[in-house]
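Dropping query_9.cif in here (mmCIF, C-alpha atoms and all ligand atoms):
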data_run
#
loop_
_atom_site.group_PDB
_atom_site.id
_atom_site.type_symbol
_atom_site.label_atom_id
_atom_site.label_comp_id
_atom_site.auth_asym_id
_atom_site.auth_seq_id
_atom_site.Cartn_x
_atom_site.Cartn_y
_atom_site.Cartn_z
ATOM 1 C CA MET A 162 303.945 208.296 24.112
ATOM 2 C CA SER A 163 302.353 209.815 27.229
ATOM 3 C CA GLU A 164 301.092 207.966 30.284
ATOM 4 C CA SER A 165 297.676 207.728 28.612
ATOM 5 C CA GLY A 166 299.034 206.149 25.429
ATOM 6 C CA ILE A 167 298.210 209.319 23.477
ATOM 7 C CA ALA A 168 301.130 211.058 21.743
ATOM 8 C CA GLU A 169 302.424 213.932 23.861
ATOM 9 C CA TYR A 170 301.943 216.321 20.936
ATOM 10 C CA GLU A 171 298.222 215.544 20.814
ATOM 11 C CA LEU A 172 297.915 216.187 24.566
ATOM 12 C CA VAL A 173 299.636 219.541 24.129
ATOM 13 C CA GLU A 174 297.357 220.404 21.208
ATOM 14 C CA LYS A 175 294.311 219.460 23.245
ATOM 15 C CA ALA A 176 295.380 221.588 26.222
ATOM 16 C CA ALA A 177 296.162 224.559 23.960
ATOM 17 C CA ALA A 178 292.838 224.237 22.139
ATOM 18 C CA TYR A 179 290.973 224.134 25.471
ATOM 19 C CA ILE A 180 292.752 227.279 26.721
ATOM 20 C CA ALA A 181 292.319 229.157 23.429
ATOM 21 C CA GLU A 182 288.615 228.294 23.319
ATOM 22 C CA ARG A 183 287.985 229.165 26.959
ATOM 23 C CA THR A 184 289.942 232.433 27.048
ATOM 24 C CA GLY A 185 289.925 233.621 23.436
ATOM 25 C CA ARG A 186 293.594 234.529 23.943
ATOM 26 C CA ARG A 187 296.912 233.623 22.433
ATOM 27 C CA ALA A 188 300.349 234.779 23.540
ATOM 28 C CA ASP A 189 303.737 235.888 22.248
ATOM 29 C CA LEU A 190 305.580 235.619 25.548
ATOM 30 C CA ALA A 191 305.392 232.776 28.082
ATOM 31 C CA LEU A 192 306.437 233.133 31.712
ATOM 32 C CA ILE A 193 306.990 230.425 34.276
ATOM 33 C CA LEU A 194 306.838 231.948 37.747
ATOM 34 C CA GLY A 195 308.549 229.843 40.386
ATOM 35 C CA SER A 196 308.458 229.525 44.169
ATOM 36 C CA GLY A 197 307.190 232.705 45.812
ATOM 37 C CA LEU A 198 307.404 234.645 42.509
ATOM 38 C CA GLY A 199 303.897 234.059 41.160
ATOM 39 C CA ALA A 200 302.408 237.376 42.257
ATOM 40 C CA TRP A 201 303.652 239.145 39.125
ATOM 41 C CA ALA A 202 300.844 237.427 37.203
ATOM 42 C CA ASP A 203 298.319 239.374 39.309
ATOM 43 C CA THR A 204 299.547 242.520 37.533
ATOM 44 C CA ILE A 205 298.621 241.252 34.052
ATOM 45 C CA SER A 206 295.943 243.470 32.496
ATOM 46 C CA ASP A 207 292.786 242.268 30.835
ATOM 47 C CA ALA A 208 293.556 238.926 32.482
ATOM 48 C CA VAL A 209 291.816 235.580 32.304
ATOM 49 C CA ALA A 210 292.998 232.846 34.694
ATOM 50 C CA VAL A 211 292.516 229.125 34.266
ATOM 51 C CA PRO A 212 293.334 226.736 37.160
ATOM 52 C CA TYR A 213 295.625 223.887 36.102
ATOM 53 C CA ASP A 214 293.207 221.253 37.328
ATOM 54 C CA GLU A 215 290.658 222.435 34.757
ATOM 55 C CA ILE A 216 293.096 222.097 31.826
ATOM 56 C CA PRO A 217 293.232 218.628 30.258
ATOM 57 C CA GLY A 218 296.596 216.964 30.911
ATOM 58 C CA PHE A 219 297.850 219.615 33.372
ATOM 59 C CA HIS A 220 298.946 218.748 36.902
ATOM 60 C CA MET A 221 298.482 220.814 40.049
ATOM 61 C CA SER A 222 301.648 221.538 42.020
ATOM 62 C CA SER A 223 301.474 220.329 45.598
ATOM 63 C CA VAL A 224 304.224 222.749 46.654
ATOM 64 C CA ALA A 225 303.416 225.745 48.877
ATOM 65 C CA GLY A 226 303.932 229.024 47.005
ATOM 66 C CA HIS A 227 302.761 227.581 43.668
ATOM 67 C CA ALA A 228 299.206 228.798 43.048
ATOM 68 C CA GLY A 229 298.593 226.497 40.090
ATOM 69 C CA ARG A 230 296.939 228.588 37.432
ATOM 70 C CA LEU A 231 297.615 229.931 33.990
ATOM 71 C CA VAL A 232 297.003 233.655 33.468
ATOM 72 C CA LEU A 233 296.579 235.105 29.970
ATOM 73 C CA GLY A 234 296.399 238.796 29.139
ATOM 74 C CA ARG A 235 298.604 241.752 28.380
ATOM 75 C CA ALA A 236 301.716 243.181 29.975
ATOM 76 C CA GLY A 237 302.328 246.582 28.438
ATOM 77 C CA THR A 238 301.956 245.995 24.715
ATOM 78 C CA VAL A 239 302.795 242.273 24.835
ATOM 79 C CA ASP A 240 300.349 239.332 24.836
ATOM 80 C CA VAL A 241 301.511 237.090 27.657
ATOM 81 C CA VAL A 242 300.665 233.752 29.210
ATOM 82 C CA ALA A 243 302.035 233.125 32.687
ATOM 83 C CA MET A 244 302.225 230.048 34.834
ATOM 84 C CA GLN A 245 301.625 230.880 38.478
ATOM 85 C CA GLY A 246 303.562 227.946 39.863
ATOM 86 C CA ARG A 247 304.856 224.788 38.222
ATOM 87 C CA VAL A 248 304.915 221.087 38.844
ATOM 88 C CA HIS A 249 308.302 219.436 39.585
ATOM 89 C CA ALA A 250 309.532 215.935 38.728
ATOM 90 C CA TYR A 251 310.027 215.232 42.456
ATOM 91 C CA GLU A 252 306.256 215.486 42.894
ATOM 92 C CA GLY A 253 306.031 212.177 41.055
ATOM 93 C CA VAL A 254 305.207 213.242 37.513
ATOM 94 C CA SER A 255 307.198 212.433 34.381
ATOM 95 C CA ALA A 256 309.567 214.868 32.693
ATOM 96 C CA ALA A 257 307.098 215.147 29.792
ATOM 97 C CA GLN A 258 304.381 216.138 32.260
ATOM 98 C CA VAL A 259 306.676 218.759 33.794
ATOM 99 C CA VAL A 260 307.181 220.452 30.404
ATOM 100 C CA ARG A 261 303.651 219.979 29.077
ATOM 101 C CA PRO A 262 302.574 223.490 30.168
ATOM 102 C CA LEU A 263 305.613 225.064 28.459
ATOM 103 C CA ARG A 264 304.877 223.188 25.246
ATOM 104 C CA THR A 265 301.249 224.261 25.548
ATOM 105 C CA MET A 266 302.251 227.916 25.855
ATOM 106 C CA TRP A 267 304.433 227.474 22.750
ATOM 107 C CA LYS A 268 301.417 225.999 20.978
ATOM 108 C CA LEU A 269 299.458 229.093 22.042
ATOM 109 C CA GLY A 270 301.940 231.149 20.047
ATOM 110 C CA ALA A 271 304.746 231.970 22.457
ATOM 111 C CA GLY A 272 308.146 231.952 20.758
ATOM 112 C CA THR A 273 309.904 233.398 23.797
ATOM 113 C CA ALA A 274 309.879 232.210 27.400
ATOM 114 C CA ILE A 275 311.018 233.765 30.651
ATOM 115 C CA VAL A 276 311.621 231.041 33.213
ATOM 116 C CA THR A 277 312.066 231.950 36.873
ATOM 117 C CA ASN A 278 312.911 230.028 39.992
ATOM 118 C CA ALA A 279 314.180 230.211 43.543
ATOM 119 C CA SER A 280 317.670 228.823 44.040
ATOM 120 C CA GLY A 281 320.457 228.314 46.519
ATOM 121 C CA GLY A 282 323.658 230.241 45.919
ATOM 122 C CA LEU A 283 326.706 228.042 45.286
ATOM 123 C CA ASP A 284 328.800 231.159 44.733
ATOM 124 C CA PRO A 285 329.303 232.517 48.275
ATOM 125 C CA GLN A 286 329.122 236.064 46.850
ATOM 126 C CA LEU A 287 325.466 235.592 45.945
ATOM 127 C CA ALA A 288 323.593 236.935 48.952
ATOM 128 C CA PRO A 289 319.978 235.903 49.601
ATOM 129 C CA GLY A 290 317.710 238.175 47.561
ATOM 130 C CA SER A 291 320.143 238.387 44.610
ATOM 131 C CA LEU A 292 318.630 238.199 41.128
ATOM 132 C CA VAL A 293 320.672 236.170 38.663
ATOM 133 C CA LEU A 294 320.314 235.848 34.891
ATOM 134 C CA ILE A 295 320.881 232.210 33.931
ATOM 135 C CA ARG A 296 323.736 232.029 31.434
ATOM 136 C CA ASP A 297 323.802 228.249 31.154
ATOM 137 C CA HIS A 298 322.781 225.167 33.094
ATOM 138 C CA ILE A 299 324.024 221.739 34.135
ATOM 139 C CA ASN A 300 321.320 219.094 34.092
ATOM 140 C CA LEU A 301 321.999 216.790 37.034
ATOM 141 C CA SER A 302 318.379 215.798 37.495
ATOM 142 C CA GLY A 303 318.899 212.404 35.866
ATOM 143 C CA ASN A 304 315.911 213.221 33.716
ATOM 144 C CA THR A 305 315.035 214.703 30.312
ATOM 145 C CA PRO A 306 311.706 215.364 28.594
ATOM 146 C CA LEU A 307 313.133 214.062 25.295
ATOM 147 C CA THR A 308 313.293 210.364 26.220
ATOM 148 C CA GLY A 309 311.400 208.098 23.847
ATOM 149 C CA PRO A 310 310.580 208.423 20.154
ATOM 150 C CA ASN A 311 311.230 211.944 18.881
ATOM 151 C CA ASP A 312 308.230 213.886 17.649
ATOM 152 C CA GLU A 313 309.485 216.160 14.847
ATOM 153 C CA ARG A 314 306.448 218.377 15.372
ATOM 154 C CA PHE A 315 308.184 219.586 18.559
ATOM 155 C CA GLY A 316 311.737 219.548 17.228
ATOM 156 C CA ALA A 317 314.791 217.597 16.121
ATOM 157 C CA ARG A 318 316.040 214.362 17.688
ATOM 158 C CA PHE A 319 319.347 215.902 18.779
ATOM 159 C CA PRO A 320 318.693 219.542 19.643
ATOM 160 C CA ASP A 321 321.681 221.848 19.941
ATOM 161 C CA MET A 322 322.047 223.316 23.442
ATOM 162 C CA THR A 323 324.800 225.877 22.740
ATOM 163 C CA HIS A 324 322.460 228.882 22.811
ATOM 164 C CA THR A 325 319.680 227.454 24.968
ATOM 165 C CA TRP A 326 319.786 230.575 27.151
ATOM 166 C CA THR A 327 319.439 233.240 24.450
ATOM 167 C CA PRO A 328 322.359 235.711 24.709
ATOM 168 C CA GLU A 329 320.322 238.565 23.160
ATOM 169 C CA LEU A 330 317.632 238.205 25.822
ATOM 170 C CA ARG A 331 320.235 238.448 28.568
ATOM 171 C CA ALA A 332 321.489 241.646 26.941
ATOM 172 C CA VAL A 333 317.905 242.963 26.949
ATOM 173 C CA ALA A 334 317.553 242.006 30.627
ATOM 174 C CA ARG A 335 320.834 243.687 31.586
ATOM 175 C CA ARG A 336 319.744 246.844 29.777
ATOM 176 C CA ALA A 337 316.353 246.781 31.510
ATOM 177 C CA ALA A 338 317.964 246.200 34.912
ATOM 178 C CA ALA A 339 320.369 249.105 34.420
ATOM 179 C CA ARG A 340 317.506 251.381 33.400
ATOM 180 C CA ILE A 341 315.534 250.706 36.598
ATOM 181 C CA ASN A 342 318.647 250.452 38.756
ATOM 182 C CA VAL A 343 318.182 246.847 39.884
ATOM 183 C CA ALA A 344 321.368 244.802 40.355
ATOM 184 C CA VAL A 345 321.524 241.555 38.383
ATOM 185 C CA HIS A 346 324.219 238.888 38.352
ATOM 186 C CA GLU A 347 324.839 236.159 35.799
ATOM 187 C CA GLY A 348 325.472 232.506 36.507
ATOM 188 C CA VAL A 349 325.244 228.824 35.738
ATOM 189 C CA TYR A 350 322.260 226.964 37.218
ATOM 190 C CA ALA A 351 322.850 223.415 38.420
ATOM 191 C CA GLY A 352 319.540 221.537 38.217
ATOM 192 C CA VAL A 353 319.151 218.649 40.653
ATOM 193 C CA ALA A 354 316.270 216.260 41.307
ATOM 194 C CA GLY A 355 315.469 217.243 44.924
ATOM 195 C CA PRO A 356 313.331 217.288 46.961
ATOM 196 C CA SER A 357 315.962 217.040 49.704
ATOM 197 C CA TYR A 358 318.289 220.014 49.745
ATOM 198 C CA GLU A 359 321.922 219.252 48.912
ATOM 199 C CA THR A 360 324.477 218.044 51.403
ATOM 200 C CA PRO A 361 327.440 220.370 52.021
ATOM 201 C CA ALA A 362 329.633 217.877 50.105
ATOM 202 C CA GLU A 363 327.258 218.002 47.131
ATOM 203 C CA VAL A 364 327.349 221.796 47.245
ATOM 204 C CA GLN A 365 331.172 221.715 47.063
ATOM 205 C CA MET A 366 330.973 219.297 44.127
ATOM 206 C CA LEU A 367 328.430 221.454 42.257
ATOM 207 C CA ARG A 368 330.554 224.546 42.811
ATOM 208 C CA ARG A 369 333.684 222.802 41.468
ATOM 209 C CA ALA A 370 331.661 221.515 38.529
ATOM 210 C CA GLY A 371 330.982 225.113 37.510
ATOM 211 C CA GLY A 372 327.615 225.908 39.094
ATOM 212 C CA ASP A 373 326.787 229.281 40.620
ATOM 213 C CA LEU A 374 323.228 228.375 41.629
ATOM 214 C CA VAL A 375 321.407 225.178 42.520
ATOM 215 C CA GLY A 376 317.723 224.368 42.226
ATOM 216 C CA MET A 377 315.165 221.649 41.613
ATOM 217 C CA SER A 378 313.389 222.951 38.520
ATOM 218 C CA THR A 379 314.009 224.731 35.210
ATOM 219 C CA VAL A 380 316.465 222.394 33.415
ATOM 220 C CA LEU A 381 313.756 220.133 31.973
ATOM 221 C CA GLU A 382 311.899 223.217 30.743
ATOM 222 C CA ALA A 383 315.144 224.574 29.237
ATOM 223 C CA ILE A 384 315.719 221.342 27.306
ATOM 224 C CA ALA A 385 312.128 221.392 26.024
ATOM 225 C CA ALA A 386 312.493 225.060 25.055
ATOM 226 C CA SER A 387 315.660 224.277 23.076
ATOM 227 C CA HIS A 388 313.882 221.411 21.359
ATOM 228 C CA LEU A 389 311.069 223.825 20.419
ATOM 229 C CA ARG A 390 313.658 226.439 19.352
ATOM 230 C CA MET A 391 312.112 228.984 21.701
ATOM 231 C CA ARG A 392 314.097 232.001 22.826
ATOM 232 C CA LEU A 393 314.778 231.628 26.535
ATOM 233 C CA LEU A 394 315.607 233.932 29.415
ATOM 234 C CA GLY A 395 316.109 232.672 32.968
ATOM 235 C CA ILE A 396 315.896 234.724 36.133
ATOM 236 C CA SER A 397 316.741 233.090 39.416
ATOM 237 C CA CYS A 398 316.078 234.560 42.826
ATOM 238 C CA VAL A 399 318.726 233.348 45.247
ATOM 239 C CA THR A 400 316.824 232.646 48.444
ATOM 240 C CA ASN A 401 319.655 231.177 50.522
ATOM 241 C CA HIS A 402 323.332 230.303 50.560
ATOM 242 C CA ALA A 403 323.495 226.647 49.496
ATOM 243 C CA ALA A 404 323.921 224.094 52.274
ATOM 244 C CA GLY A 405 327.126 224.322 54.301
ATOM 245 C CA ILE A 406 328.199 227.731 52.964
ATOM 246 C CA VAL A 407 326.869 229.244 56.157
ATOM 247 C CA ASP A 408 326.002 227.118 59.167
ATOM 248 C CA GLU A 409 322.224 227.332 58.836
ATOM 249 C CA ALA A 410 319.611 224.660 58.142
ATOM 250 C CA LEU A 411 317.502 225.226 54.994
ATOM 251 C CA ASN A 412 313.726 225.204 54.830
ATOM 252 C CA HIS A 413 311.029 226.032 52.288
ATOM 253 C CA GLU A 414 309.445 228.720 54.482
ATOM 254 C CA ASP A 415 312.659 230.772 54.352
ATOM 255 C CA VAL A 416 312.887 230.178 50.584
ATOM 256 C CA GLN A 417 309.375 231.560 50.136
ATOM 257 C CA ARG A 418 309.949 234.452 52.532
ATOM 258 C CA VAL A 419 313.139 235.638 50.805
ATOM 259 C CA ALA A 420 311.531 235.263 47.353
ATOM 260 C CA ALA A 421 308.611 237.380 48.608
ATOM 261 C CA GLU A 422 311.027 240.012 49.945
ATOM 262 C CA ALA A 423 312.725 240.196 46.545
ATOM 263 C CA ARG A 424 309.329 240.489 44.845
ATOM 264 C CA GLY A 425 309.471 244.269 44.327
ATOM 265 C CA ASN A 426 312.736 244.196 42.393
ATOM 266 C CA PHE A 427 311.800 240.966 40.613
ATOM 267 C CA GLN A 428 308.492 242.356 39.383
ATOM 268 C CA ARG A 429 309.991 245.662 38.299
ATOM 269 C CA LEU A 430 312.664 243.770 36.404
ATOM 270 C CA ILE A 431 310.095 241.595 34.596
ATOM 271 C CA ASP A 432 308.082 244.712 33.687
ATOM 272 C CA ALA A 433 311.181 246.513 32.407
ATOM 273 C CA ILE A 434 312.273 243.506 30.344
ATOM 274 C CA ILE A 435 308.838 243.188 28.771
ATOM 275 C CA GLU A 436 308.842 246.887 28.023
ATOM 276 C CA GLU A 437 312.189 246.484 26.204
ATOM 277 C CA LEU A 438 310.893 243.421 24.362
ATOM 278 C CA GLY A 439 307.785 245.294 23.302
ATOM 279 C CA THR A 440 309.891 247.994 21.704
ATOM 280 C CA THR A 441 312.552 245.826 20.034
HETATM 281 N N1 LIG B 1 318.860 223.991 46.824
HETATM 282 C C1 LIG B 1 317.993 223.542 45.884
HETATM 283 N N2 LIG B 1 316.906 224.200 45.542
HETATM 284 C C2 LIG B 1 316.662 225.388 46.130
HETATM 285 C C3 LIG B 1 317.513 225.906 47.111
HETATM 286 C C4 LIG B 1 318.678 225.170 47.483
HETATM 287 O O1 LIG B 1 319.485 225.573 48.332
HETATM 288 N N3 LIG B 1 316.987 227.090 47.506
HETATM 289 C C5 LIG B 1 315.856 227.280 46.771
HETATM 290 N N4 LIG B 1 315.647 226.233 45.946
#

Kindly return the structure encoded in the file as structure tokens.
Ligand code: HPA
Amino acid sequence: MSESGIAEYELVEKAAAYIAERTGRRADLALILGSGLGAWADTISDAVAVPYDEIPGFHMSSVAGHAGRLVLGRAGTVDVVAMQGRVHAYEGVSAAQVVRPLRTMWKLGAGTAIVTNASGGLDPQLAPGSLVLIRDHINLSGNTPLTGPNDERFGARFPDMTHTWTPELRAVARRAAARINVAVHEGVYAGVAGPSYETPAEVQMLRRAGGDLVGMSTVLEAIAASHLRMRLLGISCVTNHAAGIVDEALNHEDVQRVAAEARGNFQRLIDAIIEELGTT
């Protein structure tokens, strides 16, 4: 049950119906564009944008670098719906509210999602500006969108997470990256609650636990995507070495600046991936 006492599924249906009615669009591919990465949505053709605060049940992000609108249109030959910015659990919303937009995009027809974020590099080899395909994740957020009675209309009570991050989509992304000559790495994303950055001791722990990247988003969306049986690709832009790896204090302005600097490669990679998807 949602905060309003209405089943979450009905809220998702209502949001999707509002968007479909207002824009006349549906979508095959959903994109969630994270911190500093939202500009790609401005390249969508034949685009209609809807601000989150006009969509029933959606929440505005209060975080700088998250525009807060949904953009529907076409990228190449593919019908897309993109989130320019997302809301995070640390902003004070529930896990179900965090994933409501993803579920809404699924309801609009999207069977595949590309989820992006800014992250800190736990692997010292990951220099700021690196683009990393998410191979797997560790959910350390203490949260999940699947708490409460299961609604079979979304998915099964105990969803399998073995292939949450779809191997075939990573292969597509690697092929696209090679074609346009953009370097991509692969790694495990450790999802934490935030909003404080990690301590150096936490960074050491996350590294030993098997993480290559750390960030404050994405894992709740990945769990919801698995539940929905969506195909999922994750692209992380490493904006900084995680705390204590180099002796520098972290701040959100630097995160946004580095994400913006990586924008050219990031956007070309998204375009190339969509091109491959459109032809496969
Ligand atoms: N930690 C957590 N989240 C982040 C970081 C980080 O170092 N950089 C960008 N998002």

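If only C-alpha atoms are the atoms counted, then among A:Asp432, A:Asp408, A:Asp284, A:Glu382 the closest residue to A:Arg247 is A:Glu382.
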
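The residues caught by the PyMOL selection byres (((chain A and resi 259) around 10) and not hetatm) in this file are Phe219, His220, Arg247, Val248, His249, Ala250, Tyr251, Glu252, Gly253, Val254, Ser255, Ala256, Ala257, Gln258, Val260, Arg261, Pro262, Leu263, Arg264, Thr305, Pro306, Ser378, Thr379, Leu381, Glu382 and Ala385 of chain A.
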
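Among the candidates A:Val364, A:Val353, A:Met244, A:Ile295, the one nearest to A:Trp201 when counting only C-alpha atoms is A:Met244.
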
message: Which residues are close to A:Asp321, i.e. within 12 Å by all atoms listed in the file, leaving aside same-chain residues fewer than 6 positions away? Reply as a list in words.
response: Ala383, Ile384, Ala385, Ala386, Ser387, His388, Leu389 and Arg390 of chain A

Include C-alpha atoms and write out the residues we just selected as an mmCIF file, keeping the file's coordinate frame.
data_model
loop_
_atom_site.group_PDB
_atom_site.id
_atom_site.type_symbol
_atom_site.label_atom_id
_atom_site.label_comp_id
_atom_site.auth_asym_id
_atom_site.auth_seq_id
_atom_site.Cartn_x
_atom_site.Cartn_y
_atom_site.Cartn_z
ATOM 1 C CA ALA A 383 315.144 224.574 29.237
ATOM 2 C CA ILE A 384 315.719 221.342 27.306
ATOM 3 C CA ALA A 385 312.128 221.392 26.024
ATOM 4 C CA ALA A 386 312.493 225.060 25.055
ATOM 5 C CA SER A 387 315.660 224.277 23.076
ATOM 6 C CA HIS A 388 313.882 221.411 21.359
ATOM 7 C CA LEU A 389 311.069 223.825 20.419
ATOM 8 C CA ARG A 390 313.658 226.439 19.352
#

message: 7 Å from ligand LIG 1 (chain B) is the threshold here; counting all atoms listed in the file, which polymer residues fall inside it? Answer as a ChimeraX atom specification.
response: /A:279-282,355,358-359,375-377,399-404,411,416

Reference answer for the PyMOL selection byres (((chain A and resi 227-238) around 7) and not hetatm), as a PyMOL selection string: chain A and resi 186+196+202+205-213+221-222+224-226+239-247+436+439

Since we have the selection now, will you write its residues out, keeping C-alpha atoms, as a short mmCIF file (atom, residue, chain, number, x, y, z; two decimals), keeping the file's coordinate frame?
data_model
loop_
_atom_site.label_atom_id
_atom_site.label_comp_id
_atom_site.auth_asym_id
_atom_site.auth_seq_id
_atom_site.Cartn_x
_atom_site.Cartn_y
_atom_site.Cartn_z
CA ARG A 186 293.59 234.53 23.94
CA SER A 196 308.46 229.52 44.17
CA ALA A 202 300.84 237.43 37.20
CA ILE A 205 298.62 241.25 34.05
CA SER A 206 295.94 243.47 32.50
CA ASP A 207 292.79 242.27 30.84
CA ALA A 208 293.56 238.93 32.48
CA VAL A 209 291.82 235.58 32.30
CA ALA A 210 293.00 232.85 34.69
CA VAL A 211 292.52 229.12 34.27
CA PRO A 212 293.33 226.74 37.16
CA TYR A 213 295.62 223.89 36.10
CA MET A 221 298.48 220.81 40.05
CA SER A 222 301.65 221.54 42.02
CA VAL A 224 304.22 222.75 46.65
CA ALA A 225 303.42 225.74 48.88
CA GLY A 226 303.93 229.02 47.00
CA VAL A 239 302.80 242.27 24.84
CA ASP A 240 300.35 239.33 24.84
CA VAL A 241 301.51 237.09 27.66
CA VAL A 242 300.67 233.75 29.21
CA ALA A 243 302.04 233.12 32.69
CA MET A 244 302.23 230.05 34.83
CA GLN A 245 301.62 230.88 38.48
CA GLY A 246 303.56 227.95 39.86
CA ARG A 247 304.86 224.79 38.22
CA GLU A 436 308.84 246.89 28.02
CA GLY A 439 307.79 245.29 23.30
#

So which residues touch A:Tyr350 within 8 Å, counting all atoms listed in the file, skipping near sequence neighbours fewer than 4 positions away, as an mmCIF file with C-alpha atoms, in the coordinates of the input?
data_model
loop_
_atom_site.group_PDB
_atom_site.id
_atom_site.type_symbol
_atom_site.label_atom_id
_atom_site.label_comp_id
_atom_site.auth_asym_id
_atom_site.auth_seq_id
_atom_site.Cartn_x
_atom_site.Cartn_y
_atom_site.Cartn_z
ATOM 1 C CA ILE A 295 320.881 232.210 33.931
ATOM 2 C CA ARG A 296 323.736 232.029 31.434
ATOM 3 C CA ASP A 297 323.802 228.249 31.154
ATOM 4 C CA HIS A 298 322.781 225.167 33.094
ATOM 5 C CA ILE A 299 324.024 221.739 34.135
ATOM 6 C CA GLY A 372 327.615 225.908 39.094
ATOM 7 C CA ASP A 373 326.787 229.281 40.620
ATOM 8 C CA LEU A 374 323.228 228.375 41.629
ATOM 9 C CA VAL A 375 321.407 225.178 42.520
ATOM 10 C CA GLY A 376 317.723 224.368 42.226
#

Which centre and which edge lengths, in Å to one decimal, describe the axis-aligned box that holds all listed atoms of stretch 172-176 of chain A after 6 Å is added on each side, as AutoDock Vina command-line options?
--center_x 297.0 --center_y 218.9 --center_z 23.7 --size_x 17.3 --size_y 17.4 --size_z 17.0

- request: Quick one: apply the PyMOL selection byres (((chain A and resi 392) around 9) and not hetatm) to the file and drop the selected residues here as a PyMOL selection string.
  value: chain A and resi 272-275+324-327+330+386-387+390-391+393-394

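If you look at atom CA of A:Gly352 and atom CA of A:Leu294, they are 14.7 Å away from each other.
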
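Each of A:Ile341, A:Arg314, A:Ser397, A:Arg187 was compared to A:Arg429 using only C-alpha atoms, and A:Ile341 turns out to be the nearest.
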
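Ranking A:Ala334, A:Leu307, A:Gly290, A:Ala344 by their shortest atom-to-atom distance to A:Arg418, with only C-alpha atoms included, puts A:Gly290 first.
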
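In this structure, atom CA of A:Val419 sits 28.0 Å away from atom CA of A:Asp214.
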
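Atom pair atom CA of A:Asp312 / atom CA of A:Ala271 has a distance of 19.0 Å (rounded to one decimal).
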
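Distances here use all atoms listed in the file; by that measure, the residue among A:Arg318, A:Arg335, A:His413, A:Arg368 closest to A:Ile396 is A:Arg335.
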
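Of the listed residues A:Leu190, A:Ile406, A:Leu301, A:Ile167, the one whose atoms come nearest to A:Leu438 is A:Leu190, with distances taken using only C-alpha atoms.
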
query: Quick one: residues within 9 Å of A:Ala178, all atoms listed in the file counted, chain neighbours fewer than 5 positions away excluded, as a ChimeraX atom specification?
result: /A:173,183,268-269

- request: Please check which residues have atoms at most 6 Å from (325.9, 221.7, 53.4) in the file's coordinates, counting all atoms listed in the file, and write them as a ChimeraX atom specification.
  value: /A:360-361,404-405
